[in-house]
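Since the structure comes first, as structure tokens, the remarks are kept for the end.
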Amino acid sequence: MDPADGLLDHPYDVYRRLRDTAPVHRITGPDGTAAWLVTRYEDVRAALADPRLSLDKRQGAGAYKGLSLPPALDANLLNMDPPDHTRIRRLVGRAFTPRRVQQLREPIRRTADRLLDALGPHGSTDLVASYAAPLPITVICDLLGIPEGDRLDFRQWTDSLMAPDPARPHATKEAMAAMLDFLARLLAAKRRAPVDDLLSDLIAVRDEGDRLGEDELMSLAFLILFAGYENTVQLIGNAVLALLEHPDQLAVLRKEPERLPAAVEEFARYEGPMLLAMRRFPVEDVTIAGVTIPAGETVWVSLSAADRDPARFPDPDRLDLSRDAAGHLALGHGIHYCLGAPLARAETEIALAALLERLPELALAEGQATWRRSLRARGLRALPVTY
């Protein structure tokens with residue numbers, strides 16, 4: 001039996017067992033190829049910052065490559081090492097600034113209030129479909145400058161990529177083709193008529209004569225749209241479910257809403273949006289916790305296993321909003337730390353603040369919350385609630 005069997009249905013139970021047994025395990029990847037899984041906090045943190053563990057697929061001879069994207073979407077930061085990674089992140093950083101995030105806080109709250117207005121004062125709803133998903137979609141589309149009439153079903157696309165349906169084997173390729181066509185038309189429109197938005201800035205951005213290549217620009221737009229929406233909808237939905245399952249913590253937050261910024265860090269630690277970081281490939285033989293991993297093989301580092309490591313976070317399976325969760329790895333670490341982390345934090349904080357103020361009787365409905373079946377992402381497919 002593979003040591004990672006059961007991860008789709010009971011990830012934290014499996015990770016606890018793996019972490020307690022050994023720091024590094026040999027497992028079978030989703031495509032049948034062998035991989036190495038790292039589970040303990042200190043090892044995971046070190047691996048995320050280790051330059052010998054490459055994100056470049058060309059370093060993984062015969063190893064698991066992950067999702068196969070067309071070249072126009074594949075030249076993104078999640079597949080790059082320095083110096084290309086450094087160059088593109090520097091260029092993006094000139095447009096994706098903290099000032100933009102601060103400017104978005106008021107529009108985020110207006111969007112949250114508008115979505116809650118639509119729900120009415122009482123009733124029942126799937127909070128993922130009616131609130132946790134449309135909020136970040138609206139925010140990222142506003143940031144990128146996607147006109148309201150062009151905002152398509154991004155959630156359906158991301159579901160196809162992150163949690164493929166075995167009954168629809170062609171859905172992933174169809175989703176990628178649709179995204180590619182959408183982004184090509186969108187970028188062409190921005191070139192013809194640039195405005196004050198992130199995509200127009202990315203088209204124009206330069207650094208001492210350097211600029212984004214065509215595939216780099218398309219891939220970056222894809223990454224910002226995909227990751228900017230995907231991680232945040234999961235973080236919001238997971239946080240709401242965690243609160244509703246822990247009424248004592250919900251009562252604390254209702255009484256002391258000033259705890260929200262720190263609480264978001266605990267939500268990210270306790271039930272973060274990603275179970276695994278991007279696969280990595282050693283450029284030379286690498287020893288992790290006494291285990292030597294040959295060059296070119298696949299390394300998975302488990303963010304969720306690390307963030308529930310009792311050696312770093314005492315009583316880690318307990319949600320505790322008084323905990324100092326600083327240092328959690330839910331949004332990464334090192335040079336690949338999530339570029340959109342400040343925006344994800346702001347959206348989650350504002351989304352929860354609006355819910356606490358507007359829906360004082362929010363509770364889980366009789367229908368069970370359902371999780372998407374994914375080895376990498378940790379997110380809800382549905383969250384039925386009453387209010």
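Chain labels A, B, ... are given in the sequence in which chains occur in the structure tokens; within each chain residues are numbered consecutively from 1, and ligands are likewise numbered from 1 in the order shown.
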
Query raised in the report: Where in range 107-248 of chain A does DSSP assign helix (DSSP H, G or I), given as a PyMOL selection string?
Result: chain A and resi 107-119+127-132+134-144+148-150+154-162+171-192+198-204+214-245+247-248

Contacts of Arg40 in chain A within 7 Å, only C-alpha atoms, excl. fewer than 4 positions in-chain, as a tab-separated table (two decimals) with N, CA, C and O atoms, in the first residue's frame:
```tsv
chain	number	residue	atom	x	y	z
A	19	ARG	N	3.81	12.15	9.11
A	19	ARG	CA	4.72	13.03	9.85
A	19	ARG	C	5.26	12.33	11.10
A	19	ARG	O	6.43	12.45	11.45
A	23	PRO	N	10.13	11.81	8.46
A	23	PRO	CA	10.05	13.16	7.89
A	23	PRO	C	9.93	13.17	6.36
A	23	PRO	O	9.42	14.13	5.79
A	44	VAL	N	10.21	21.29	5.65
A	44	VAL	CA	9.42	21.93	4.59
A	44	VAL	C	9.87	23.37	4.39
A	44	VAL	O	10.07	23.83	3.26
A	305	ALA	N	0.79	19.71	6.15
A	305	ALA	CA	1.43	18.87	7.17
A	305	ALA	C	2.37	19.70	8.03
A	305	ALA	O	2.42	19.53	9.26
A	306	ALA	N	3.11	20.60	7.41
A	306	ALA	CA	4.03	21.46	8.16
A	306	ALA	C	3.29	22.36	9.13
A	306	ALA	O	3.73	22.55	10.28
A	309	ASP	N	2.32	20.68	12.35
A	309	ASP	CA	3.41	19.96	13.01
A	309	ASP	C	3.47	20.41	14.48
A	309	ASP	O	3.71	21.59	14.76
```

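The nearest approach to Glu258 in chain A among the residues A:Ala353, A:Ala382, A:Leu8, A:Ala112, with only C-alpha atoms taken into account, belongs to A:Ala353.
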
Query - All residues 9 Å or closer to Val24 in chain A, only C-alpha atoms, same chain fewer than 6 positions away omitted, as JSON, numbers by chain - result: {"A": [18, 36, 37, 38, 39, 40, 43, 288, 289, 290, 291]}

Query raised in the report: Nearest to Asp84 in chain A: which of A:Gly6, A:Gly60, A:Gly213, A:Pro194 is it, counting only C-alpha atoms?
Result: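 Ranked by minimum distance to Asp84 in chain A, first place goes to A:Gly213.
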
Query raised in the report: Excluding same-chain residues fewer than 3 positions from range 363-367 of chain A, what lies within 9 Å of it counting only C-alpha atoms, as a list of chain:residue names?
Result: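 The neighbour list is A:Ser124, A:Thr125, A:Leu241, A:Leu244, A:Glu245, A:Thr370, A:Leu383, A:Pro384, A:Val385, A:Thr386, A:Tyr387.
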
Requested in this report: Find, counting only C-alpha atoms, the residue in A:Ala221, A:Leu355, A:Leu48, A:Ala188 that gets nearest to Leu73 in chain A.
Outcome: A:Ala221

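When the distance limit is 12 Å and only C-alpha atoms are what count, the residues near Leu243 in chain A, minus those fewer than 6 positions from it on the same chain, are A:Ile236, A:Gly237, A:Gln249, A:Leu250, A:Ala251, A:Val252, A:Leu253, A:Arg254, A:Leu260, A:Ala263, A:Val264, A:Glu266, A:Phe267, A:Tyr270, A:Glu271, A:Arg318, A:Leu319, A:Asp320, A:Leu321, A:Leu352, A:Leu355, A:Leu356, A:Leu362, A:Ala363, A:Leu364.
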
Report task. Name the closest residue to Gln102 in chain A among the candidates A:Leu143, A:Ala171, A:Arg372, A:Phe182; distances are taken between atoms, counting only C-alpha atoms. Result -> A:Leu143

Report task. From range 156-353 of chain A, collect each residue whose DSSP state is strand (DSSP E or B) and return the set as a PyMOL selection string. Result -> chain A and resi 207+210+274+276+280-282+286-288+291-293+298-302

Please dump the current selection as a compact mmCIF listing (two decimals), in the first residue's frame; keep all heavy atoms.
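Okay, this is what ended up in result_6.txt:
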```txt
# COMPACT_ATOMS: atom_id res chain seq x y z
N ASP A 207 11.95 47.69 -17.27
CA ASP A 207 12.98 47.88 -16.26
C ASP A 207 14.32 47.94 -17.00
O ASP A 207 14.84 46.91 -17.42
CB ASP A 207 12.97 46.74 -15.24
CG ASP A 207 13.97 46.97 -14.12
OD1 ASP A 207 14.54 48.08 -14.07
OD2 ASP A 207 14.18 46.06 -13.32
N ASP A 210 14.18 46.23 -20.22
CA ASP A 210 13.62 44.88 -20.18
C ASP A 210 12.10 44.97 -20.16
O ASP A 210 11.52 45.93 -19.68
CB ASP A 210 14.11 44.16 -18.92
CG ASP A 210 13.83 42.67 -18.98
OD1 ASP A 210 13.42 42.19 -20.04
OD2 ASP A 210 14.02 42.00 -17.95
N MET A 274 -3.80 25.51 0.17
CA MET A 274 -3.03 24.53 -0.59
C MET A 274 -2.47 23.46 0.35
O MET A 274 -1.85 23.78 1.37
CB MET A 274 -1.87 25.22 -1.32
CG MET A 274 -2.30 26.33 -2.27
SD MET A 274 -3.46 25.79 -3.57
CE MET A 274 -2.38 24.73 -4.54
N LEU A 276 -0.29 21.09 -0.84
CA LEU A 276 1.08 20.88 -1.31
C LEU A 276 1.56 22.12 -2.05
O LEU A 276 0.79 22.78 -2.77
CB LEU A 276 1.15 19.70 -2.27
CG LEU A 276 0.84 18.31 -1.72
CD1 LEU A 276 0.68 17.32 -2.88
CD2 LEU A 276 1.94 17.84 -0.78
N ARG A 280 8.94 20.10 -6.97
CA ARG A 280 10.31 20.58 -7.14
C ARG A 280 11.21 19.44 -7.60
O ARG A 280 10.91 18.27 -7.35
CB ARG A 280 10.83 21.20 -5.84
CG ARG A 280 10.27 22.60 -5.59
CD ARG A 280 10.36 22.99 -4.14
NE ARG A 280 10.21 24.44 -3.94
CZ ARG A 280 9.04 25.09 -3.95
NH1 ARG A 280 7.92 24.42 -4.19
NH2 ARG A 280 9.01 26.40 -3.75
N PHE A 281 12.33 19.82 -8.25
CA PHE A 281 13.27 18.84 -8.79
C PHE A 281 14.69 19.20 -8.34
O PHE A 281 15.18 20.29 -8.64
CB PHE A 281 13.21 18.83 -10.32
CG PHE A 281 11.82 18.73 -10.87
CD1 PHE A 281 11.21 19.84 -11.45
CD2 PHE A 281 11.10 17.55 -10.81
CE1 PHE A 281 9.92 19.76 -11.96
CE2 PHE A 281 9.82 17.46 -11.31
CZ PHE A 281 9.22 18.57 -11.88
N PRO A 282 15.37 18.31 -7.62
CA PRO A 282 16.74 18.60 -7.21
C PRO A 282 17.66 18.71 -8.43
O PRO A 282 17.62 17.86 -9.33
CB PRO A 282 17.13 17.40 -6.35
CG PRO A 282 15.83 16.76 -5.95
CD PRO A 282 14.88 17.02 -7.07
N VAL A 286 20.23 15.74 -3.11
CA VAL A 286 19.93 16.58 -1.96
C VAL A 286 19.55 15.69 -0.78
O VAL A 286 18.75 14.75 -0.95
CB VAL A 286 18.78 17.56 -2.27
CG1 VAL A 286 18.32 18.29 -1.02
CG2 VAL A 286 19.21 18.56 -3.33
N THR A 287 20.07 15.99 0.39
CA THR A 287 19.71 15.24 1.59
C THR A 287 18.77 16.06 2.45
O THR A 287 19.08 17.19 2.82
CB THR A 287 20.96 14.87 2.40
OG1 THR A 287 21.82 14.05 1.60
CG2 THR A 287 20.57 14.09 3.66
N ILE A 288 17.58 15.51 2.72
CA ILE A 288 16.58 16.15 3.57
C ILE A 288 16.28 15.22 4.73
O ILE A 288 15.86 14.08 4.52
CB ILE A 288 15.28 16.45 2.78
CG1 ILE A 288 15.58 17.38 1.60
CG2 ILE A 288 14.22 17.05 3.70
CD1 ILE A 288 14.36 17.65 0.71
N VAL A 291 17.60 11.77 4.45
CA VAL A 291 17.22 11.00 3.26
C VAL A 291 17.81 11.67 2.04
O VAL A 291 17.57 12.86 1.79
CB VAL A 291 15.69 10.91 3.13
CG1 VAL A 291 15.31 10.17 1.84
CG2 VAL A 291 15.08 10.23 4.35
N THR A 292 18.58 10.93 1.26
CA THR A 292 19.18 11.48 0.05
C THR A 292 18.24 11.27 -1.14
O THR A 292 17.84 10.15 -1.44
CB THR A 292 20.54 10.82 -0.25
OG1 THR A 292 21.42 11.09 0.84
CG2 THR A 292 21.14 11.39 -1.52
N ILE A 293 17.89 12.38 -1.78
CA ILE A 293 16.98 12.37 -2.93
C ILE A 293 17.81 12.64 -4.18
O ILE A 293 18.46 13.67 -4.28
CB ILE A 293 15.88 13.42 -2.76
CG1 ILE A 293 15.08 13.15 -1.48
CG2 ILE A 293 14.96 13.44 -3.98
CD1 ILE A 293 14.05 14.21 -1.15
N THR A 298 11.15 13.84 -8.29
CA THR A 298 10.11 14.78 -7.87
C THR A 298 10.05 14.88 -6.35
O THR A 298 10.03 13.87 -5.65
CB THR A 298 8.72 14.32 -8.38
OG1 THR A 298 8.78 14.18 -9.80
CG2 THR A 298 7.64 15.33 -8.02
N VAL A 299 9.99 16.13 -5.85
CA VAL A 299 9.86 16.39 -4.42
C VAL A 299 8.57 17.17 -4.19
O VAL A 299 8.35 18.23 -4.79
CB VAL A 299 11.05 17.19 -3.87
CG1 VAL A 299 10.85 17.50 -2.39
CG2 VAL A 299 12.35 16.41 -4.07
N TRP A 300 7.70 16.63 -3.34
CA TRP A 300 6.51 17.35 -2.88
C TRP A 300 6.78 17.82 -1.46
O TRP A 300 7.25 17.05 -0.63
CB TRP A 300 5.29 16.43 -2.84
CG TRP A 300 4.72 16.00 -4.17
CD1 TRP A 300 4.82 14.77 -4.73
CD2 TRP A 300 3.93 16.79 -5.05
NE1 TRP A 300 4.16 14.74 -5.93
CE2 TRP A 300 3.60 15.97 -6.15
CE3 TRP A 300 3.48 18.11 -5.03
CZ2 TRP A 300 2.84 16.41 -7.22
CZ3 TRP A 300 2.72 18.56 -6.09
CH2 TRP A 300 2.41 17.72 -7.17
N VAL A 301 6.46 19.08 -1.16
CA VAL A 301 6.54 19.55 0.22
C VAL A 301 5.14 19.90 0.67
O VAL A 301 4.41 20.64 -0.01
CB VAL A 301 7.51 20.75 0.37
CG1 VAL A 301 8.94 20.30 0.20
CG2 VAL A 301 7.20 21.85 -0.62
N SER A 302 4.73 19.35 1.80
CA SER A 302 3.36 19.51 2.27
C SER A 302 3.23 20.71 3.19
O SER A 302 3.70 20.69 4.33
CB SER A 302 2.88 18.24 2.99
OG SER A 302 1.60 18.48 3.55
```

Report task. One decimal, Å: what's the distance from CA of Ala330 in chain A over to CA of Leu303 in chain A, could you say? Result -> 5.8 Å

Query raised in the report: With distances taken over only C-alpha atoms, which of A:Val139, A:Leu55, A:Ala377, A:Ala35 is nearest to Ala346 in chain A?
Result: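 For Ala346 in chain A, the nearest of the given residues is A:Val139.
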